[in-house]
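Colleague: Got a structure here, written out as structure tokens. Questions coming.
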Amino acid sequence: MRSRPGRDNATIVLMAKSTKQAKRESGGADKSGSFTQALATGHGFVLADCDPRSTPGYNGDKAAGAELMAATAPELADLQEQLYAESKVGGKAAVLLVVQGMDTSGKGGIMRHVVGSMDPQGVHYTAFKAPTREEQEHPFLWRIRNALPQPGEIGVFDRSHYEDVLIARVHNLVPTATWGRRYGQINALEQTVTKAGTTIVKVMLHISSDEQKARLTARLNRPEKHWKYNAADVDERERWPAYQEAYQAAIEKCSTEHAPWFVVPADRKWYARLAVQQLVLEHLRAMAPQWPAATFDVEVEKARLAAT
């Protein structure tokens with residue numbers, strides 16, 4: 001995600017404290033804190049110590065969470081429109097939301113309920129699958145650079161460049177030395193992107209093995225969900241410890257000041273959706289996009305229009 005010149009992550013965290021308005025609008029006194037502060041990973045973060053059923057930064061229940069999402073949606077829409085409008089007069093700011101997680105962790109729900117509530121005109125969505133033949137002929141970050149948001153856009157990566165240090169590592173798709181170098185390459189790219197004006201919000205949806213098993217079972221038990229079931233997901237479950245180790249390494253090595261990781265407990269779908277929405281909202285608040293000033297004489301134009 002791009003941040004404005006002069007704004008750093010410390011500024012974003014401090015400005016994210018201004019959630020009092022959201023609390024008032026939701027009707028729940030002090031139910032919401034700063035999701036940015038509650039979910040950011042820092043030095044010494046241990047993924048295994050994060051409870052996938054917890055609700056950091058929020059003390060309300062599911063119903064109150066839905067109310068908060070609905071209450072803050074208009075503000076999110078306004079900020080998105082301001083970001084887009086600002087780019088039309090030379091603004092360079094943009095947002096990049098990166099969403100990672102194990103299978104069934106709720107990425108699709110984030111896309112429907114959070115990204116789906118935004119104006120599609122200002123969203124640049126990319127779902128990264130297995131690399132195509134053309135993509136394989138280029139360095140692994142080539143396709144990432146091609147998908148970065150333009151000024152004024154909210155870019156969304158449904159999976160991302162981190163697949164190249166997750167599945168590539170777990171399945172030994174490339175030599176250890178190759179994926180080992182990628183952490184530094186990722187950090188360098190993200191630093192370049194943020195310096196250019198994009199604020200990056202990296203989210204790992206943290207689901208438990210038991211919850212994943214329950215969700216896969218539900219897909220098998222409901223005929224209308226069979227299309228979502230992938231037999232390979234069971235094979236991947238056997239590699240659960242390796243994936244958790246890979247995620248821990250990615251967070252340790254790539255949670256930087258300019259692009260920190262946010263780990264969102266995802267066993268409760270409603271909380272994960274609320275948390276991601278609020279993370280984007282808090283970062284947009286900190287970016288503080290402004291409506292562009294008119295480049296014409298408003299009163300003159302009113303008079304001209306009235307005369308027609």
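Chain labels A, B, ... are given in the sequence in which chains occur in the structure tokens; within each chain residues are numbered consecutively from 1, and ligands are likewise numbered from 1 in the order shown.
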List the neighbours of Ile154 (chain A) out to 7 Å using only C-alpha atoms; skip same-chain residues closer than 2 positions along the sequence, and give me the result as a PyMOL selection string.

Modeller: chain A and resi 94-96+122-124+149+152+156

Colleague: Restricting the output to N, CA and C atoms, write the selected residues as a short mmCIF file (atom, residue, chain, number, x, y, z; two decimals), in the first residue's frame.

Modeller:
```cif
data_model
loop_
_atom_site.label_atom_id
_atom_site.label_comp_id
_atom_site.auth_asym_id
_atom_site.auth_seq_id
_atom_site.Cartn_x
_atom_site.Cartn_y
_atom_site.Cartn_z
N ALA A 94 -1.94 5.12 -3.50
CA ALA A 94 -2.74 3.93 -3.82
C ALA A 94 -2.67 3.00 -2.62
N VAL A 95 -3.48 1.97 -2.65
CA VAL A 95 -3.49 0.95 -1.59
C VAL A 95 -3.31 -0.42 -2.23
N LEU A 96 -2.54 -1.28 -1.58
CA LEU A 96 -2.43 -2.67 -2.02
C LEU A 96 -2.78 -3.57 -0.84
N GLY A 122 -12.71 1.64 -8.75
CA GLY A 122 -11.44 1.98 -8.14
C GLY A 122 -10.69 0.80 -7.56
N VAL A 123 -11.12 -0.42 -7.92
CA VAL A 123 -10.47 -1.63 -7.41
C VAL A 123 -9.77 -2.36 -8.54
N HIS A 124 -8.53 -2.76 -8.29
CA HIS A 124 -7.78 -3.58 -9.25
C HIS A 124 -7.51 -4.93 -8.59
N PRO A 149 -1.30 -1.78 -8.27
CA PRO A 149 -2.33 -0.76 -8.51
C PRO A 149 -1.74 0.54 -9.03
N GLY A 152 -4.54 6.05 -7.11
CA GLY A 152 -5.97 6.18 -6.92
C GLY A 152 -6.70 4.86 -6.77
N VAL A 156 -5.92 -5.37 -5.02
CA VAL A 156 -6.20 -6.52 -4.16
C VAL A 156 -5.52 -7.74 -4.74
#
```

Colleague: Determine, counting only C-alpha atoms, which protein, DNA and RNA residues have an atom within 12 Å of an atom of Val115 (chain A); residues of the same chain fewer than 5 positions away are not included. Present the result as a ChimeraX atom specification.

Modeller: /A:73,76-77,80,96-99,107-110,120-126,154-158,273-274,276-278,280-281

Colleague: I'd like the contact shell of Arg182 (chain A) - 8 Å cut-off, only C-alpha atoms, skipping same-chain residues fewer than 3 positions apart - returned as JSON, numbers by chain.

Modeller: {"A": [164, 165, 178, 179, 185, 186]}

Colleague: Output C-alpha atoms for every residue in that selection, as a short mmCIF file (atom, residue, chain, number, x, y, z; two decimals), in the first residue's frame.

Modeller:
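In the end it all went to part-v4.cif:
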```cif
data_model
loop_
_atom_site.label_atom_id
_atom_site.label_comp_id
_atom_site.auth_asym_id
_atom_site.auth_seq_id
_atom_site.Cartn_x
_atom_site.Cartn_y
_atom_site.Cartn_z
CA ASP A 164 6.80 -18.25 -3.91
CA VAL A 165 8.08 -18.63 -0.34
CA THR A 178 16.42 -19.89 -4.54
CA TRP A 179 13.44 -19.47 -2.23
CA GLN A 185 13.78 -9.65 -3.12
CA ILE A 186 10.24 -9.31 -1.79
#
```

Colleague: Identify all residues of region 59-169 of chain A in alpha helix (DSSP H) (DSSP on the backbone) and supply them as number ranges by chain.

Modeller: A: 62-87, 107-113, 133-136, 142-146, 167-169

Colleague: Residues as selected, N, CA and C atoms, written as a CSV table (one decimal), in the first residue's frame, can you do that?

Modeller:
```
chain,number,residue,atom,x,y,z
A,62,LYS,N,-20.9,-11.1,17.2
A,62,LYS,CA,-21.1,-11.2,15.7
A,62,LYS,C,-22.1,-10.2,15.2
A,63,ALA,N,-23.2,-10.0,16.0
A,63,ALA,CA,-24.2,-9.0,15.5
A,63,ALA,C,-23.6,-7.6,15.6
A,64,ALA,N,-22.9,-7.3,16.6
A,64,ALA,CA,-22.3,-6.0,16.7
A,64,ALA,C,-21.3,-5.7,15.7
A,65,GLY,N,-20.6,-6.8,15.3
A,65,GLY,CA,-19.6,-6.7,14.3
A,65,GLY,C,-20.2,-6.4,12.9
A,66,ALA,N,-21.3,-7.0,12.6
A,66,ALA,CA,-22.1,-6.7,11.4
A,66,ALA,C,-22.5,-5.3,11.4
A,67,GLU,N,-23.0,-4.8,12.5
A,67,GLU,CA,-23.4,-3.4,12.6
A,67,GLU,C,-22.3,-2.4,12.4
A,68,LEU,N,-21.1,-2.8,12.9
A,68,LEU,CA,-19.9,-1.9,12.7
A,68,LEU,C,-19.5,-1.9,11.3
A,69,MET,N,-19.5,-3.0,10.6
A,69,MET,CA,-19.2,-3.1,9.2
A,69,MET,C,-20.1,-2.2,8.4
A,70,ALA,N,-21.4,-2.3,8.7
A,70,ALA,CA,-22.4,-1.5,7.9
A,70,ALA,C,-22.3,0.0,8.2
A,71,ALA,N,-22.0,0.3,9.5
A,71,ALA,CA,-21.9,1.7,9.9
A,71,ALA,C,-20.7,2.4,9.3
A,72,THR,N,-19.6,1.7,9.1
A,72,THR,CA,-18.3,2.3,8.6
A,72,THR,C,-18.2,2.2,7.1
A,73,ALA,N,-19.1,1.4,6.5
A,73,ALA,CA,-19.0,1.2,5.0
A,73,ALA,C,-19.1,2.6,4.3
A,74,PRO,N,-20.0,3.5,4.7
A,74,PRO,CA,-20.0,4.8,4.0
A,74,PRO,C,-18.7,5.6,4.0
A,75,GLU,N,-18.1,5.5,5.2
A,75,GLU,CA,-16.8,6.2,5.4
A,75,GLU,C,-15.8,5.6,4.5
A,76,LEU,N,-15.7,4.3,4.4
A,76,LEU,CA,-14.8,3.6,3.5
A,76,LEU,C,-15.0,4.0,2.1
A,77,ALA,N,-16.3,4.1,1.7
A,77,ALA,CA,-16.6,4.4,0.3
A,77,ALA,C,-16.2,5.9,0.0
A,78,ASP,N,-16.4,6.8,1.0
A,78,ASP,CA,-16.0,8.2,0.7
A,78,ASP,C,-14.5,8.3,0.6
A,79,LEU,N,-13.7,7.6,1.5
A,79,LEU,CA,-12.3,7.6,1.4
A,79,LEU,C,-11.8,7.0,0.1
A,80,GLN,N,-12.4,5.9,-0.3
A,80,GLN,CA,-12.0,5.3,-1.6
A,80,GLN,C,-12.2,6.3,-2.7
A,81,GLU,N,-13.3,7.0,-2.7
A,81,GLU,CA,-13.6,7.9,-3.8
A,81,GLU,C,-12.7,9.1,-3.8
A,82,GLN,N,-12.3,9.6,-2.5
A,82,GLN,CA,-11.4,10.7,-2.4
A,82,GLN,C,-10.0,10.3,-2.9
A,83,LEU,N,-9.6,9.0,-2.6
A,83,LEU,CA,-8.3,8.5,-3.1
A,83,LEU,C,-8.3,8.5,-4.7
A,84,TYR,N,-9.4,8.1,-5.2
A,84,TYR,CA,-9.5,8.0,-6.7
A,84,TYR,C,-9.5,9.4,-7.3
A,85,ALA,N,-10.3,10.3,-6.7
A,85,ALA,CA,-10.4,11.6,-7.2
A,85,ALA,C,-9.1,12.4,-7.2
A,86,GLU,N,-8.4,12.2,-6.1
A,86,GLU,CA,-7.1,12.8,-5.9
A,86,GLU,C,-6.1,12.5,-7.0
A,87,SER,N,-6.2,11.2,-7.4
A,87,SER,CA,-5.3,10.8,-8.5
A,87,SER,C,-5.5,11.5,-9.8
A,107,LYS,N,-10.6,-16.4,2.3
A,107,LYS,CA,-10.2,-15.4,1.3
A,107,LYS,C,-11.4,-15.0,0.4
A,108,GLY,N,-12.2,-16.0,0.0
A,108,GLY,CA,-13.3,-15.7,-0.8
A,108,GLY,C,-14.3,-14.8,-0.1
A,109,GLY,N,-14.5,-15.1,1.2
A,109,GLY,CA,-15.5,-14.2,1.9
A,109,GLY,C,-15.0,-12.8,2.0
A,110,ILE,N,-13.7,-12.6,2.2
A,110,ILE,CA,-13.1,-11.3,2.2
A,110,ILE,C,-13.3,-10.6,0.9
A,111,MET,N,-13.2,-11.3,-0.2
A,111,MET,CA,-13.4,-10.7,-1.5
A,111,MET,C,-14.9,-10.3,-1.7
A,112,ARG,N,-15.8,-11.2,-1.2
A,112,ARG,CA,-17.2,-10.9,-1.4
A,112,ARG,C,-17.7,-9.8,-0.5
A,113,HIS,N,-17.4,-9.9,0.8
A,113,HIS,CA,-18.0,-9.0,1.8
A,113,HIS,C,-17.2,-7.7,2.1
A,133,ARG,N,2.8,-20.4,-18.4
A,133,ARG,CA,4.0,-20.7,-19.1
A,133,ARG,C,4.8,-19.4,-19.3
A,134,GLU,N,4.1,-18.4,-19.7
A,134,GLU,CA,4.7,-17.1,-19.9
A,134,GLU,C,5.3,-16.5,-18.6
A,135,GLU,N,4.6,-16.6,-17.5
A,135,GLU,CA,5.1,-16.2,-16.2
A,135,GLU,C,6.3,-16.9,-15.8
A,136,GLN,N,6.4,-18.2,-16.1
A,136,GLN,CA,7.5,-19.0,-15.7
A,136,GLN,C,8.8,-18.7,-16.4
A,142,TRP,N,7.9,-10.8,-11.7
A,142,TRP,CA,7.5,-10.1,-12.9
A,142,TRP,C,6.0,-9.9,-12.9
A,143,ARG,N,5.2,-11.0,-12.6
A,143,ARG,CA,3.8,-10.9,-12.7
A,143,ARG,C,3.2,-10.0,-11.6
A,144,ILE,N,3.9,-9.9,-10.5
A,144,ILE,CA,3.5,-9.1,-9.4
A,144,ILE,C,3.6,-7.6,-9.8
A,145,ARG,N,4.7,-7.2,-10.4
A,145,ARG,CA,4.9,-5.9,-10.9
A,145,ARG,C,3.8,-5.5,-11.9
A,146,ASN,N,3.4,-6.4,-12.7
A,146,ASN,CA,2.4,-6.1,-13.7
A,146,ASN,C,1.0,-5.9,-13.1
A,167,ILE,N,4.2,-22.2,-0.8
A,167,ILE,CA,4.1,-23.5,-1.5
A,167,ILE,C,5.4,-23.9,-2.2
A,168,ALA,N,6.2,-22.9,-2.7
A,168,ALA,CA,7.4,-23.3,-3.3
A,168,ALA,C,8.4,-23.9,-2.3
A,169,ARG,N,8.3,-23.4,-1.1
A,169,ARG,CA,9.2,-23.9,0.0
A,169,ARG,C,8.7,-25.3,0.4
```

Colleague: Near Ile207 (chain A), within 6 Å and counting only C-alpha atoms, which residues show up once chain neighbours fewer than 6 positions away are dropped, as a compact mmCIF listing (two decimals) with N, CA and C atoms, in the first residue's frame?

Modeller:
```
# COMPACT_ATOMS: atom_id res chain seq x y z
N PRO A 52 -6.53 -18.74 16.82
CA PRO A 52 -7.35 -18.48 15.62
C PRO A 52 -8.81 -18.12 15.91
N SER A 105 -9.53 -20.64 4.54
CA SER A 105 -9.33 -19.64 5.60
C SER A 105 -10.25 -18.44 5.45
N ALA A 266 -8.90 -16.29 11.99
CA ALA A 266 -9.95 -16.49 10.97
C ALA A 266 -10.90 -17.63 11.25
N ASP A 267 -10.86 -18.20 12.44
CA ASP A 267 -11.84 -19.26 12.73
C ASP A 267 -13.26 -18.70 12.79
```

Colleague: Among region 74-111 of chain A, which ones does DSSP assign to strand (DSSP E) (computed from the backbone)? Answer as a list in words.

Modeller: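 Everything in region 74-111 of chain A that counts as strand (DSSP E) is Ala94, Val95, Leu96, Leu97, Val98, Val99, Gln100 and Gly101 of chain A.
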
Colleague: Point out the residue among A:Gln100, A:Gln150, A:Ser117, A:Thr198 with the least atom-to-atom distance to Glu163 (chain A), counting only C-alpha atoms.

Modeller: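 Nearest to Glu163 (chain A): A:Gln100.
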
Colleague: So, counting only C-alpha atoms, which residue among A:Glu153, A:Glu257, A:Glu299, A:Asp233 is closest to Asp103 (chain A)?

Modeller: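 Nearest to Asp103 (chain A): A:Asp233.
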
Colleague: Work out how far CA of Leu279 (chain A) is from CA of Lys213 (chain A), in Å to one decimal.

Modeller: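 Spanning CA of Lys213 (chain A) to CA of Leu279 (chain A) is a straight-line distance of 27.6 Å.
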
Colleague: Within 12 Å of Glu211 (chain A), counting only C-alpha atoms, which residues qualify if same-chain residues fewer than 4 places away don't, as a list in words?

Modeller: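 Skipping anything fewer than 4 positions along the chain leaves Asp51, Pro52, Arg53, Met102, Asp103, Thr104, Ser105, Gly106, His206, Ile207, Arg215, Leu216, Thr217, Ala218, Arg237, Pro265, Ala266, Asp267, Arg268 and Lys269 of chain A.
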
Colleague: What is the CA of Ala38 (chain A)-CA of Pro260 (chain A) distance in Å, reported with one decimal?

Modeller: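 The value is 12.5 Å.
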
Colleague: Might you pull out every residue within 8 Å of Leu39 (chain A), with only C-alpha atoms counted and same-chain residues fewer than 5 positions away left off, and present them as a PyMOL selection string?

Modeller: chain A and resi 56-57+262-264

Colleague: Please, what distance in Å, to one decimal, runs between CA of Glu236 (chain A) and CA of Leu220 (chain A)?

Modeller: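 Computing it gives 16.6 Å between the two atoms.
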